[in-house]
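> TSV, C-alpha atoms, file target-v4.tsv:
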```tsv
chain	number	residue	atom	x	y	z
A	65	MET	CA	-101.54	8.84	-80.20
A	66	SER	CA	-99.50	11.54	-81.95
A	67	THR	CA	-96.40	12.83	-80.18
A	68	ASP	CA	-95.00	15.51	-82.46
A	69	THR	CA	-92.07	17.49	-81.05
A	70	LYS	CA	-94.33	20.52	-80.64
A	71	ASP	CA	-96.82	18.56	-78.57
A	72	LEU	CA	-97.58	18.70	-74.89
A	73	LEU	CA	-98.81	15.54	-73.17
A	74	GLN	CA	-101.14	15.97	-70.20
A	75	LEU	CA	-101.20	13.04	-67.78
A	76	SER	CA	-104.13	12.80	-65.37
A	77	GLN	CA	-103.47	11.99	-61.72
A	78	LYS	CA	-103.72	8.27	-60.90
A	79	SER	CA	-102.37	6.56	-57.79
A	80	ASP	CA	-103.96	3.09	-57.78
A	81	TYR	CA	-103.01	0.29	-60.19
A	82	GLN	CA	-104.24	-3.23	-60.73
A	83	THR	CA	-101.76	-5.97	-61.63
A	84	VAL	CA	-100.76	-5.11	-65.20
A	85	THR	CA	-98.15	-6.73	-67.46
A	86	ILE	CA	-95.71	-4.33	-69.16
A	87	PRO	CA	-94.05	-5.76	-72.32
A	88	LEU	CA	-90.74	-3.98	-71.81
A	89	PRO	CA	-88.59	-2.95	-74.80
A	90	SER	CA	-85.28	-4.66	-75.48
A	91	SER	CA	-82.04	-3.31	-74.07
A	92	LYS	CA	-80.49	-0.51	-76.12
A	93	SER	CA	-77.14	-1.05	-74.42
A	94	GLU	CA	-77.01	-4.75	-75.30
A	95	SER	CA	-78.39	-4.19	-78.80
A	96	ASN	CA	-75.83	-1.57	-79.82
A	97	ARG	CA	-72.91	-3.67	-78.60
A	98	VAL	CA	-74.19	-6.82	-80.29
A	99	LEU	CA	-74.64	-4.95	-83.57
A	100	VAL	CA	-70.98	-3.88	-83.60
A	101	ILE	CA	-69.83	-7.38	-82.65
A	102	ASP	CA	-72.05	-8.81	-85.39
A	103	ALA	CA	-70.50	-6.44	-87.94
A	104	LEU	CA	-67.02	-7.60	-86.89
A	105	THR	CA	-67.89	-11.30	-87.06
A	106	GLU	CA	-66.87	-13.26	-90.16
A	107	GLY	CA	-69.96	-15.39	-90.52
A	108	ASN	CA	-73.66	-15.20	-89.83
A	109	ASN	CA	-74.96	-14.57	-86.33
A	110	LYS	CA	-78.59	-15.07	-85.38
A	111	ILE	CA	-79.48	-11.94	-83.42
A	112	SER	CA	-83.02	-11.57	-82.10
A	113	ASN	CA	-85.07	-9.13	-80.04
A	114	LEU	CA	-83.08	-6.01	-81.01
A	115	ALA	CA	-84.24	-2.76	-79.41
A	116	GLU	CA	-86.87	-0.54	-81.01
A	117	ALA	CA	-84.99	2.50	-79.63
A	118	ARG	CA	-84.06	5.20	-82.15
A	119	ASP	CA	-80.39	4.85	-81.17
A	120	THR	CA	-80.41	1.17	-82.12
A	121	GLN	CA	-82.43	1.70	-85.30
A	122	THR	CA	-79.90	4.37	-86.30
A	123	MET	CA	-77.06	1.89	-85.74
A	124	ILE	CA	-78.86	-0.77	-87.85
A	125	ARG	CA	-79.45	1.72	-90.67
A	126	LEU	CA	-75.88	3.03	-90.76
A	127	LEU	CA	-74.27	-0.41	-90.62
A	128	GLY	CA	-76.69	-1.70	-93.27
A	129	LYS	CA	-76.41	1.15	-95.79
A	130	ASN	CA	-72.81	2.15	-94.93
A	131	PRO	CA	-73.08	5.75	-96.20
A	132	PRO	CA	-69.97	7.99	-96.48
A	133	VAL	CA	-71.33	10.13	-93.64
A	134	TYR	CA	-72.37	8.45	-90.41
A	135	ASP	CA	-74.99	10.85	-89.03
A	136	VAL	CA	-75.78	9.32	-85.63
A	137	LEU	CA	-78.40	11.95	-84.72
A	138	ASP	CA	-78.33	12.16	-80.90
A	139	ALA	CA	-77.02	8.63	-80.22
A	140	GLY	CA	-73.94	8.73	-77.99
A	141	THR	CA	-73.16	5.00	-78.07
A	142	THR	CA	-73.63	4.94	-81.84
A	143	MET	CA	-71.15	7.84	-82.24
A	144	ARG	CA	-68.50	6.26	-80.02
A	145	PHE	CA	-68.90	2.67	-81.20
A	146	LEU	CA	-68.99	3.48	-84.93
A	147	THR	CA	-65.97	5.79	-84.65
A	148	ALA	CA	-63.95	2.80	-83.44
A	149	TYR	CA	-65.61	0.42	-85.91
A	150	ALA	CA	-64.96	2.65	-88.94
A	151	SER	CA	-61.33	3.04	-87.87
A	152	VAL	CA	-60.56	-0.65	-87.37
A	153	THR	CA	-62.29	-1.59	-90.64
A	154	ASN	CA	-60.04	0.96	-92.41
A	155	GLN	CA	-62.87	3.10	-93.77
A	156	ASN	CA	-63.08	6.76	-94.76
A	157	LYS	CA	-65.99	8.21	-92.83
A	158	VAL	CA	-67.33	11.51	-91.57
A	159	MET	CA	-68.88	11.19	-88.12
A	160	THR	CA	-71.51	13.76	-87.16
A	161	GLY	CA	-74.82	14.21	-85.31
A	162	THR	CA	-77.21	16.73	-83.82
A	163	PRO	CA	-75.90	20.05	-82.45
A	164	ARG	CA	-76.02	18.60	-78.92
A	165	MET	CA	-74.19	15.46	-80.08
A	166	CYS	CA	-71.44	17.70	-81.43
A	167	GLU	CA	-71.11	19.27	-77.97
A	168	ARG	CA	-70.43	15.89	-76.33
A	169	PRO	CA	-66.70	15.13	-75.97
A	170	ILE	CA	-65.00	12.39	-77.95
A	171	GLY	CA	-61.35	13.40	-77.60
A	172	ILE	CA	-60.41	10.58	-75.23
A	173	LEU	CA	-61.57	7.96	-77.74
A	174	VAL	CA	-59.95	9.73	-80.70
A	175	ASP	CA	-56.65	9.98	-78.82
A	176	ALA	CA	-56.81	6.26	-77.99
A	177	LEU	CA	-57.52	5.33	-81.62
A	178	ARG	CA	-54.75	7.61	-82.91
A	179	SER	CA	-52.30	6.04	-80.45
A	180	ILE	CA	-52.76	2.62	-82.12
A	181	GLY	CA	-52.52	3.93	-85.68
A	182	ALA	CA	-55.89	5.42	-86.71
A	183	GLU	CA	-55.88	8.58	-88.82
A	184	ILE	CA	-58.61	10.91	-87.54
A	185	HIS	CA	-58.98	14.68	-87.62
A	186	TYR	CA	-61.59	17.11	-86.34
A	187	LEU	CA	-63.78	19.10	-88.70
A	188	GLY	CA	-64.75	21.67	-86.09
A	189	VAL	CA	-63.83	22.12	-82.44
A	190	GLU	CA	-60.88	20.05	-81.23
A	191	GLY	CA	-62.09	17.14	-79.09
A	192	TYR	CA	-65.68	17.12	-80.41
A	193	PRO	CA	-67.60	15.84	-83.43
A	194	PRO	CA	-67.84	16.23	-86.36
A	195	LEU	CA	-64.70	14.35	-87.31
A	196	ALA	CA	-63.20	12.64	-90.34
A	197	ILE	CA	-61.83	9.09	-90.14
A	198	HIS	CA	-59.25	7.88	-92.67
A	199	GLY	CA	-58.90	4.34	-91.44
A	200	LEU	CA	-56.26	2.38	-89.58
A	201	ALA	CA	-53.83	1.11	-92.21
A	202	SER	CA	-51.48	-0.56	-89.72
A	203	GLN	CA	-51.43	-1.03	-85.96
A	204	THR	CA	-48.66	1.06	-84.39
A	205	SER	CA	-49.16	0.01	-80.76
A	206	ASN	CA	-50.88	-2.77	-78.83
A	207	LYS	CA	-51.22	-0.77	-75.61
A	208	VAL	CA	-53.41	2.19	-74.76
A	209	LYS	CA	-54.28	4.19	-71.65
A	210	ILE	CA	-57.83	5.50	-71.15
A	211	ARG	CA	-59.28	7.48	-68.25
A	212	GLY	CA	-61.88	5.40	-66.48
A	213	ASP	CA	-63.87	8.25	-64.95
A	214	VAL	CA	-65.32	10.01	-68.01
A	215	SER	CA	-67.33	7.57	-70.15
A	216	SER	CA	-67.28	3.78	-70.20
A	217	GLN	CA	-68.40	3.99	-73.85
A	218	TYR	CA	-64.86	4.95	-74.90
A	219	ILE	CA	-63.54	1.83	-73.19
A	220	SER	CA	-66.27	-0.41	-74.63
A	221	ALA	CA	-65.60	0.95	-78.12
A	222	MET	CA	-61.90	0.04	-77.85
A	223	LEU	CA	-62.65	-3.36	-76.33
A	224	MET	CA	-64.97	-4.44	-79.12
A	225	ILE	CA	-62.39	-3.73	-81.84
A	226	ALA	CA	-59.51	-5.23	-79.82
A	227	PRO	CA	-59.85	-8.87	-81.03
A	228	VAL	CA	-59.65	-7.91	-84.73
A	229	LEU	CA	-56.53	-5.77	-84.29
A	230	PRO	CA	-53.50	-7.71	-85.64
A	231	GLU	CA	-51.71	-7.47	-82.28
A	232	GLY	CA	-54.75	-7.42	-80.01
A	233	LEU	CA	-54.87	-4.74	-77.33
A	234	GLU	CA	-54.04	-4.06	-73.71
A	235	ILE	CA	-56.08	-1.27	-72.15
A	236	GLU	CA	-54.89	0.40	-68.97
A	237	LEU	CA	-57.72	2.14	-67.12
A	238	GLU	CA	-56.41	5.27	-65.43
A	239	GLY	CA	-57.89	6.54	-62.16
A	240	LYS	CA	-61.36	5.82	-60.85
A	241	VAL	CA	-63.40	3.54	-63.11
A	242	GLY	CA	-67.01	4.67	-63.58
A	243	SER	CA	-69.90	2.67	-65.05
A	244	ARG	CA	-67.88	-0.50	-64.50
A	245	THR	CA	-70.95	-2.64	-65.09
A	246	TYR	CA	-71.14	-1.38	-68.69
A	247	ILE	CA	-67.54	-2.44	-69.30
A	248	GLU	CA	-68.36	-5.83	-67.77
A	249	MET	CA	-71.42	-6.09	-70.03
A	250	THR	CA	-69.26	-5.45	-73.10
A	251	LEU	CA	-66.74	-8.11	-72.09
A	252	GLN	CA	-69.43	-10.65	-71.23
A	253	LEU	CA	-71.12	-10.10	-74.60
A	254	MET	CA	-67.78	-10.48	-76.38
A	255	GLU	CA	-67.27	-13.70	-74.42
A	256	GLN	CA	-70.59	-15.03	-75.70
A	257	PHE	CA	-69.20	-14.55	-79.22
A	258	GLY	CA	-66.09	-16.60	-78.42
A	259	ILE	CA	-63.66	-13.92	-77.23
A	260	LYS	CA	-61.25	-14.61	-74.36
A	261	TYR	CA	-59.83	-11.81	-72.23
A	262	THR	CA	-58.13	-11.10	-68.93
A	263	TRP	CA	-58.87	-8.23	-66.53
A	264	LYS	CA	-56.39	-7.85	-63.69
A	265	ASP	CA	-56.30	-4.70	-61.58
A	266	ASN	CA	-56.63	-1.84	-64.08
A	267	PHE	CA	-55.38	-3.79	-67.10
A	268	ILE	CA	-57.68	-5.48	-69.63
A	269	HIS	CA	-55.94	-7.66	-72.24
A	270	VAL	CA	-57.61	-8.99	-75.38
A	271	ALA	CA	-55.43	-11.03	-77.75
A	272	HIS	CA	-55.93	-11.11	-81.54
A	273	GLN	CA	-58.69	-13.63	-82.23
A	274	ALA	CA	-61.86	-14.06	-84.25
A	275	TYR	CA	-65.44	-13.49	-83.13
A	276	GLN	CA	-67.36	-16.76	-83.45
A	277	PRO	CA	-70.83	-16.79	-85.06
A	278	THR	CA	-73.56	-17.60	-82.56
A	279	SER	CA	-77.20	-17.00	-81.65
A	280	PHE	CA	-78.09	-14.24	-79.21
A	281	ALA	CA	-81.39	-12.87	-77.89
A	282	VAL	CA	-81.27	-9.37	-76.39
A	283	GLU	CA	-82.73	-9.05	-72.87
A	284	SER	CA	-85.41	-6.52	-71.94
A	285	ASP	CA	-84.18	-3.12	-70.83
A	286	TRP	CA	-83.56	-2.56	-67.12
A	287	SER	CA	-83.18	1.20	-67.65
A	288	GLY	CA	-86.69	1.28	-69.08
A	289	ALA	CA	-87.93	-0.94	-66.26
A	290	SER	CA	-86.80	1.61	-63.67
A	291	TYR	CA	-89.66	4.00	-64.46
A	292	TRP	CA	-92.25	1.36	-63.59
A	293	PHE	CA	-90.48	0.59	-60.31
A	294	SER	CA	-90.68	4.31	-59.56
A	295	LEU	CA	-94.33	4.60	-60.55
A	296	LEU	CA	-95.38	1.78	-58.23
A	297	ALA	CA	-93.16	3.06	-55.41
A	298	CYS	CA	-94.94	6.43	-55.58
A	299	ALA	CA	-98.43	4.94	-56.02
A	300	ASP	CA	-100.88	4.21	-53.21
A	301	SER	CA	-101.53	0.62	-54.28
A	302	GLY	CA	-101.09	-1.92	-57.05
A	303	ALA	CA	-98.70	-4.44	-58.59
A	304	LEU	CA	-96.89	-4.73	-61.94
A	305	PHE	CA	-95.34	-7.58	-63.91
A	306	LEU	CA	-92.39	-6.58	-66.11
A	307	GLU	CA	-91.73	-9.01	-68.96
A	308	GLY	CA	-88.38	-10.24	-70.20
A	309	LEU	CA	-86.11	-9.42	-67.26
A	310	LYS	CA	-83.55	-11.86	-65.85
A	311	GLU	CA	-82.37	-12.06	-62.25
A	312	ASN	CA	-78.75	-12.56	-63.34
A	313	SER	CA	-78.59	-9.73	-65.86
A	314	LEU	CA	-75.64	-8.35	-67.81
A	315	GLN	CA	-77.09	-4.87	-67.33
A	316	GLY	CA	-75.85	-2.68	-64.50
A	317	ASP	CA	-79.20	-0.94	-64.21
A	318	SER	CA	-80.62	-4.13	-62.70
A	319	LYS	CA	-79.38	-2.45	-59.49
A	320	ILE	CA	-82.80	-0.77	-59.48
A	321	VAL	CA	-84.04	-3.91	-57.67
A	322	ASP	CA	-81.78	-3.19	-54.69
A	323	ILE	CA	-82.46	0.54	-54.71
A	324	MET	CA	-86.23	0.16	-54.84
A	325	ASP	CA	-86.18	-2.44	-52.10
A	326	HIS	CA	-85.37	0.56	-49.87
A	327	LEU	CA	-88.14	2.64	-51.46
A	328	GLY	CA	-91.09	0.30	-51.05
A	329	ILE	CA	-90.89	-2.26	-53.85
A	330	LYS	CA	-90.60	-6.03	-53.43
A	331	SER	CA	-89.28	-7.79	-56.56
A	332	THR	CA	-90.07	-11.47	-57.20
A	333	PHE	CA	-88.53	-13.13	-60.25
A	334	ARG	CA	-90.81	-15.56	-62.01
A	335	GLU	CA	-90.80	-17.31	-65.37
A	336	GLY	CA	-90.86	-14.62	-68.03
A	337	GLY	CA	-90.06	-11.61	-65.88
A	338	VAL	CA	-90.34	-9.97	-62.46
A	339	LEU	CA	-93.37	-9.17	-60.29
A	340	LEU	CA	-93.33	-5.82	-58.47
A	341	GLN	CA	-95.39	-5.45	-55.30
A	342	LYS	CA	-95.59	-2.72	-52.70
A	343	GLN	CA	-93.96	-3.09	-49.29
A	344	ALA	CA	-93.05	-0.75	-46.45
A	345	VAL	CA	-90.50	1.95	-47.28
A	346	LYS	CA	-87.26	1.11	-45.48
A	347	GLY	CA	-85.59	4.40	-46.41
A	348	LEU	CA	-82.68	5.22	-48.73
A	349	LYS	CA	-79.99	7.22	-46.94
A	350	ASN	CA	-77.38	7.23	-49.71
A	351	TRP	CA	-76.45	5.61	-53.00
A	352	ASP	CA	-73.39	5.61	-55.25
A	353	PHE	CA	-74.44	5.83	-58.92
A	354	THR	CA	-70.91	5.45	-60.30
A	355	HIS	CA	-71.81	2.19	-62.05
A	356	CYS	CA	-75.48	2.94	-62.86
A	357	PRO	CA	-75.67	6.69	-63.69
A	358	ASP	CA	-78.75	6.29	-65.92
A	359	LEU	CA	-80.81	5.46	-62.82
A	360	ALA	CA	-80.03	8.73	-61.06
A	361	GLN	CA	-82.90	10.78	-62.48
A	362	THR	CA	-85.44	8.05	-61.73
A	363	VAL	CA	-84.29	7.64	-58.14
A	364	ALA	CA	-83.99	11.38	-57.50
A	365	VAL	CA	-87.61	11.95	-58.51
A	366	THR	CA	-88.78	8.93	-56.49
A	367	CYS	CA	-86.99	10.16	-53.36
A	368	ALA	CA	-88.35	13.68	-53.84
A	369	ILE	CA	-91.91	12.33	-54.02
A	370	LEU	CA	-91.51	9.86	-51.13
A	371	GLY	CA	-89.90	12.35	-48.74
A	372	GLN	CA	-86.44	10.75	-48.71
A	373	ASN	CA	-83.44	13.00	-47.93
A	374	ALA	CA	-81.08	10.72	-49.83
A	375	VAL	CA	-77.43	11.54	-50.53
A	376	PHE	CA	-76.11	10.66	-54.01
A	377	THR	CA	-72.54	10.23	-55.24
A	378	GLY	CA	-71.13	9.03	-58.56
A	379	LEU	CA	-73.02	11.60	-60.65
A	380	GLU	CA	-69.96	13.05	-62.44
A	381	SER	CA	-70.93	11.75	-65.89
A	382	LEU	CA	-74.43	13.25	-65.77
A	383	LYS	CA	-73.21	16.64	-66.96
A	384	ILE	CA	-72.11	15.31	-70.38
A	385	LYS	CA	-75.16	13.22	-71.21
A	386	GLU	CA	-78.01	14.26	-73.58
A	387	THR	CA	-78.20	17.38	-71.42
A	388	ASP	CA	-76.57	18.50	-68.18
A	389	ARG	CA	-78.73	16.20	-66.10
A	390	ILE	CA	-77.73	17.75	-62.78
A	391	PHE	CA	-78.94	21.18	-63.91
A	392	ALA	CA	-82.06	19.71	-65.54
A	393	LEU	CA	-83.00	17.80	-62.38
A	394	GLN	CA	-82.55	20.88	-60.23
A	395	GLN	CA	-84.77	22.98	-62.51
A	396	GLU	CA	-87.60	20.46	-62.74
A	397	LEU	CA	-87.55	19.27	-59.11
A	398	ALA	CA	-88.01	22.90	-58.07
A	399	LYS	CA	-91.36	22.92	-59.86
A	400	PHE	CA	-92.82	20.75	-57.11
A	401	ASN	CA	-90.81	22.25	-54.25
A	402	ALA	CA	-87.95	19.73	-54.22
A	403	ASP	CA	-84.25	20.13	-55.00
A	404	LEU	CA	-80.92	18.40	-55.62
A	405	VAL	CA	-78.27	20.27	-53.66
A	406	GLU	CA	-74.50	19.85	-53.89
A	407	ILE	CA	-73.56	19.58	-50.21
A	408	GLU	CA	-69.85	19.05	-50.93
A	409	PRO	CA	-67.89	18.55	-54.18
A	410	GLU	CA	-69.64	15.85	-56.26
A	411	VAL	CA	-71.94	14.89	-53.36
A	412	TYR	CA	-75.63	15.72	-53.78
A	413	GLN	CA	-78.62	15.56	-51.47
A	414	VAL	CA	-82.25	15.24	-52.52
A	415	ILE	CA	-84.41	17.76	-50.70
A	416	PRO	CA	-87.89	16.21	-50.92
A	417	SER	CA	-91.20	17.91	-51.59
A	418	PHE	CA	-93.84	18.25	-48.89
A	419	THR	CA	-96.24	20.49	-50.82
A	420	MET	CA	-97.44	19.47	-54.27
A	421	PRO	CA	-98.85	21.95	-56.83
A	422	ALA	CA	-102.12	21.17	-58.61
A	423	GLU	CA	-100.19	20.75	-61.86
A	424	VAL	CA	-96.51	20.38	-62.83
A	425	ARG	CA	-95.17	21.08	-66.32
A	426	ILE	CA	-91.91	19.24	-67.09
A	427	HIS	CA	-89.38	20.51	-69.62
A	428	THR	CA	-87.47	17.56	-71.13
A	429	TYR	CA	-84.28	19.20	-72.46
A	430	GLU	CA	-84.15	16.87	-75.49
A	431	ASP	CA	-83.39	14.10	-72.97
A	432	HIS	CA	-85.49	10.93	-73.10
A	433	ARG	CA	-84.83	10.11	-69.44
A	434	MET	CA	-86.20	13.45	-68.25
A	435	GLY	CA	-89.57	12.70	-69.83
A	436	MET	CA	-89.81	9.23	-68.33
A	437	ALA	CA	-88.25	9.90	-64.92
A	438	PHE	CA	-90.81	12.58	-64.06
A	439	MET	CA	-93.83	10.55	-65.23
A	440	PRO	CA	-94.41	9.05	-61.72
A	441	LEU	CA	-95.39	12.52	-60.51
A	442	LEU	CA	-98.83	11.67	-61.86
A	443	THR	CA	-99.38	9.63	-58.70
A	444	LYS	CA	-99.61	12.94	-56.80
A	445	THR	CA	-100.74	15.59	-59.27
A	446	ARG	CA	-101.59	16.36	-62.89
A	447	VAL	CA	-98.46	16.38	-65.09
A	448	ILE	CA	-97.71	18.01	-68.43
A	449	ILE	CA	-94.73	16.64	-70.38
A	450	GLU	CA	-93.16	18.89	-73.00
A	451	ASP	CA	-91.96	17.16	-76.19
A	452	PRO	CA	-93.24	13.68	-75.26
A	453	ALA	CA	-91.70	12.22	-78.45
A	454	VAL	CA	-88.29	12.59	-76.77
A	455	VAL	CA	-88.78	9.05	-75.36
A	456	ASN	CA	-88.31	7.61	-78.87
A	457	LYS	CA	-84.56	7.65	-78.31
A	458	SER	CA	-84.77	4.60	-76.04
A	459	TYR	CA	-88.42	3.63	-75.41
A	460	PRO	CA	-90.81	4.53	-78.28
A	461	SER	CA	-93.72	2.57	-76.78
A	462	PHE	CA	-93.45	4.25	-73.35
A	463	TRP	CA	-96.66	6.30	-73.54
A	464	LYS	CA	-98.58	3.34	-74.99
A	465	HIS	CA	-97.46	1.32	-71.99
A	466	CYS	CA	-98.73	4.09	-69.71
A	467	GLU	CA	-102.13	3.64	-71.36
A	468	LEU	CA	-102.00	-0.10	-70.47
A	469	LEU	CA	-102.09	1.03	-66.84
A	470	GLY	CA	-105.24	3.06	-67.36
A	471	ILE	CA	-103.40	6.39	-67.23
A	472	GLU	CA	-105.50	8.99	-69.01
A	473	MET	CA	-103.54	11.28	-71.27
A	474	GLU	CA	-104.31	14.02	-73.71
A	475	THR	CA	-102.05	15.43	-76.42
A	476	LYS	CA	-102.08	19.18	-76.96
A	477	SER	CA	-100.25	21.13	-79.67
```
Kindly return the structure encoded in the file as structure tokens.


Amino acid sequence: MSTDTKDLLQLSQKSDYQTVTIPLPSSKSESNRVLVIDALTEGNNKISNLAEARDTQTMIRLLGKNPPVYDVLDAGTTMRFLTAYASVTNQNKVMTGTPRMCERPIGILVDALRSIGAEIHYLGVEGYPPLAIHGLASQTSNKVKIRGDVSSQYISAMLMIAPVLPEGLEIELEGKVGSRTYIEMTLQLMEQFGIKYTWKDNFIHVAHQAYQPTSFAVESDWSGASYWFSLLACADSGALFLEGLKENSLQGDSKIVDIMDHLGIKSTFREGGVLLQKQAVKGLKNWDFTHCPDLAQTVAVTCAILGQNAVFTGLESLKIKETDRIFALQQELAKFNADLVEIEPEVYQVIPSFTMPAEVRIHTYEDHRMGMAFMPLLTKTRVIIEDPAVVNKSYPSFWKHCELLGIEMETKS
């Protein structure tokens, strides 16, 4: 099935599903961290099951070919992680990406790297890519302060280079810490490659030490799994088996199990994955997405379809993602008479839909999660997805997996 960027993808309405196995893609978040750790390891690691996501493939290509310009396309983690990697490995690099990527802030990370001795300057707007890196000839400080409420990727980038710094690094997290589970994932992955650390209060300390070669298999992606939870929650009947997921996951988005327990999904872990079955909707009154912001779009759409007036907090980082996801959600929810309303500063309420149009056309805003989060609408009406190829950023096989469920789709140019 072709999914050119000019395409439209029409999804026929379907609300009943037999038990189908979905071979989930590997975790992009785990893959991108492991690739940086692998590049910093003196010795050969055995890394398996790396993600097919465009972000990860971009990371593999850039680390493998090591060109003078790191063009990360639209990959946020790749931009942040490779900026730190190029600095600590004392390279001269230009960091750039798509126009949207160059609108996403990186000043906090650059300031942190400069404070320990990296030479970096901006080639355009201060605080944003593109930027030029001229290495880190000598470490000038072993302590750095980073705001915890903007992007955990800045913190993860600094953590991964910390062991190879001659003096190690102490990171002080300032203020509220968002996406804490992603920081924990980074540290737990580093630990699997032999790194010891301490985290007390808002201080993380990593001494100078060497990454140890090991074998590591990347887990399936919980972010990608969330769309199938949503689909079944919105469906009239059915069951799904999602392959490759672990009950004790490093990924913060495994919180989707708890969220969807309120929205009509029973999760049973079995050998090889998790079985999803329908159960009564208990109701979701509120949820804090501070540590799992990538689930917000999925859950907002699910609540809108199921008639749940849920209140969401912890959405601050959504405005600086691939698009302004708050604005994008509001625009697209309105197309089926739902909304996401700010009821007080940084507190949002889903206003559900009670009348469904015969067809809904979803604009995706160059954001992979918009395309996938609104897919479950097909349980209630016919859906048209603009730019279906946008899913390639994290889940290239997404539409093929929809076909496994018997969903009829037609591509239109």

> If I take CA of Thr262 in chain A and CA of Asp358 in chain A, how far is one from the other in Å, to one decimal?

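For CA of Thr262 in chain A relative to CA of Asp358 in chain A, the distance reads 27.1 Å.
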
> Show me a table, sorted first by chain and then by increasing residue number, of the residues of range 258-312 of chain A having an atom at most 12 Å from range 230-249 of chain A, each with its shortest atom pair and the distance in Å to one decimal, counting all atoms listed in the file and written as CSV.


```
residue,atom,partner,partner_atom,distance
A:Ile259,CA,A:Gly232,CA,11.4
A:Lys260,CA,A:Gly232,CA,11.2
A:Tyr261,CA,A:Glu234,CA,9.8
A:Thr262,CA,A:Glu234,CA,9.4
A:Trp263,CA,A:Ile235,CA,9.4
A:Lys264,CA,A:Glu236,CA,9.9
A:Asp265,CA,A:Leu237,CA,8.9
A:Asn266,CA,A:Leu237,CA,5.1
A:Phe267,CA,A:Glu236,CA,4.6
A:Ile268,CA,A:Ile235,CA,5.2
A:His269,CA,A:Glu234,CA,4.3
A:Val270,CA,A:Leu233,CA,5.4
A:Ala271,CA,A:Gly232,CA,4.3
A:His272,CA,A:Gly232,CA,4.2
A:Gln273,CA,A:Gly232,CA,7.7
A:Ala274,CA,A:Pro230,CA,10.6
A:Asn312,CA,A:Met249,CA,11.8
```

> One decimal, Å: what's the distance from CA of Glu335 in chain A over to CA of Leu314 in chain A, could you say?

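For CA of Glu335 in chain A relative to CA of Leu314 in chain A, the distance reads 17.8 Å.
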
> Could you produce a table of the residues of range 162-226 of chain A lying within 10 Å of range 96-116 of chain A, with the nearest pair of atoms per residue and their separation in Å rounded to one decimal, using only C-alpha atoms, ordered by chain and increasing residue number, as CSV?


```
residue,atom,partner,partner_atom,distance
A:Ser220,CA,A:Arg97,CA,8.4
A:Ala221,CA,A:Arg97,CA,8.7
A:Met224,CA,A:Ile101,CA,6.7
A:Ile225,CA,A:Leu104,CA,7.9
```

> Work out how far CA of Thr354 in chain A is from CA of Lys310 in chain A, in Å to one decimal.

22.1 Å

> Would you please work out which residue, of A:Ala148, A:Val189, A:Ala289, A:Ile184, is nearest to Leu223 in chain A when using only C-alpha atoms?

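Once distances to Leu223 in chain A are computed over only C-alpha atoms, the minimum belongs to A:Ala148.
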
> Scan for residues within 6 Å of the point (-98.5, 20.9, -74.7) in the coordinates of the file, using all atoms listed in the file, and reply as number ranges by chain.

A: 71-73, 450, 476-477

> Hey, what's within 12 Å of Ala368 in chain A if we count only C-alpha atoms and toss same-chain stuff fewer than 6 positions away? As a PyMOL selection string, please?

chain A and resi 294+297-298+327+348+361-362+374-375+393-394+396-404+413-420+437-438+440-441+444

> Could you list, as a CSV table (one decimal) with C-alpha atoms, keeping the file's coordinate frame, every residue within 9 Å of Lys457 in chain A, counting only C-alpha atoms and ignoring same-chain residues fewer than 4 positions away?


```csv
chain,number,residue,atom,x,y,z
A,116,GLU,CA,-86.9,-0.5,-81.0
A,117,ALA,CA,-85.0,2.5,-79.6
A,118,ARG,CA,-84.1,5.2,-82.2
A,119,ASP,CA,-80.4,4.8,-81.2
A,120,THR,CA,-80.4,1.2,-82.1
A,138,ASP,CA,-78.3,12.2,-80.9
A,139,ALA,CA,-77.0,8.6,-80.2
A,431,ASP,CA,-83.4,14.1,-73.0
A,432,HIS,CA,-85.5,10.9,-73.1
A,453,ALA,CA,-91.7,12.2,-78.4
```

> Using only C-alpha atoms, pick whichever of A:Gln343, A:Ser179, A:Thr160, A:Ser91 has the shortest atom-to-atom distance to Leu309 in chain A.

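Closest candidate: A:Ser91.
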
> I need the residue nearest Val363 in chain A from this list: A:Thr332, A:Gln276, A:Ser290, A:Thr428. Use all atoms listed in the file for the distance.

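Under the stated criterion, the closest residue is A:Ser290.
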
> May I have the residues at most 10 Å from (-90.6, 10.7, -79.7) in the file's coordinates, counting all atoms listed in the file, as number ranges by chain?

A: 66-69, 117-118, 430, 432, 451-463

> Rank A:Gly337, A:Ile323, A:Pro227, A:Lys330 by their smallest atom-to-atom distance to Lys349 in chain A, using only C-alpha atoms, and report the top residue only.

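Among A:Gly337, A:Ile323, A:Pro227, A:Lys330, it is A:Ile323 that comes nearest to Lys349 in chain A.
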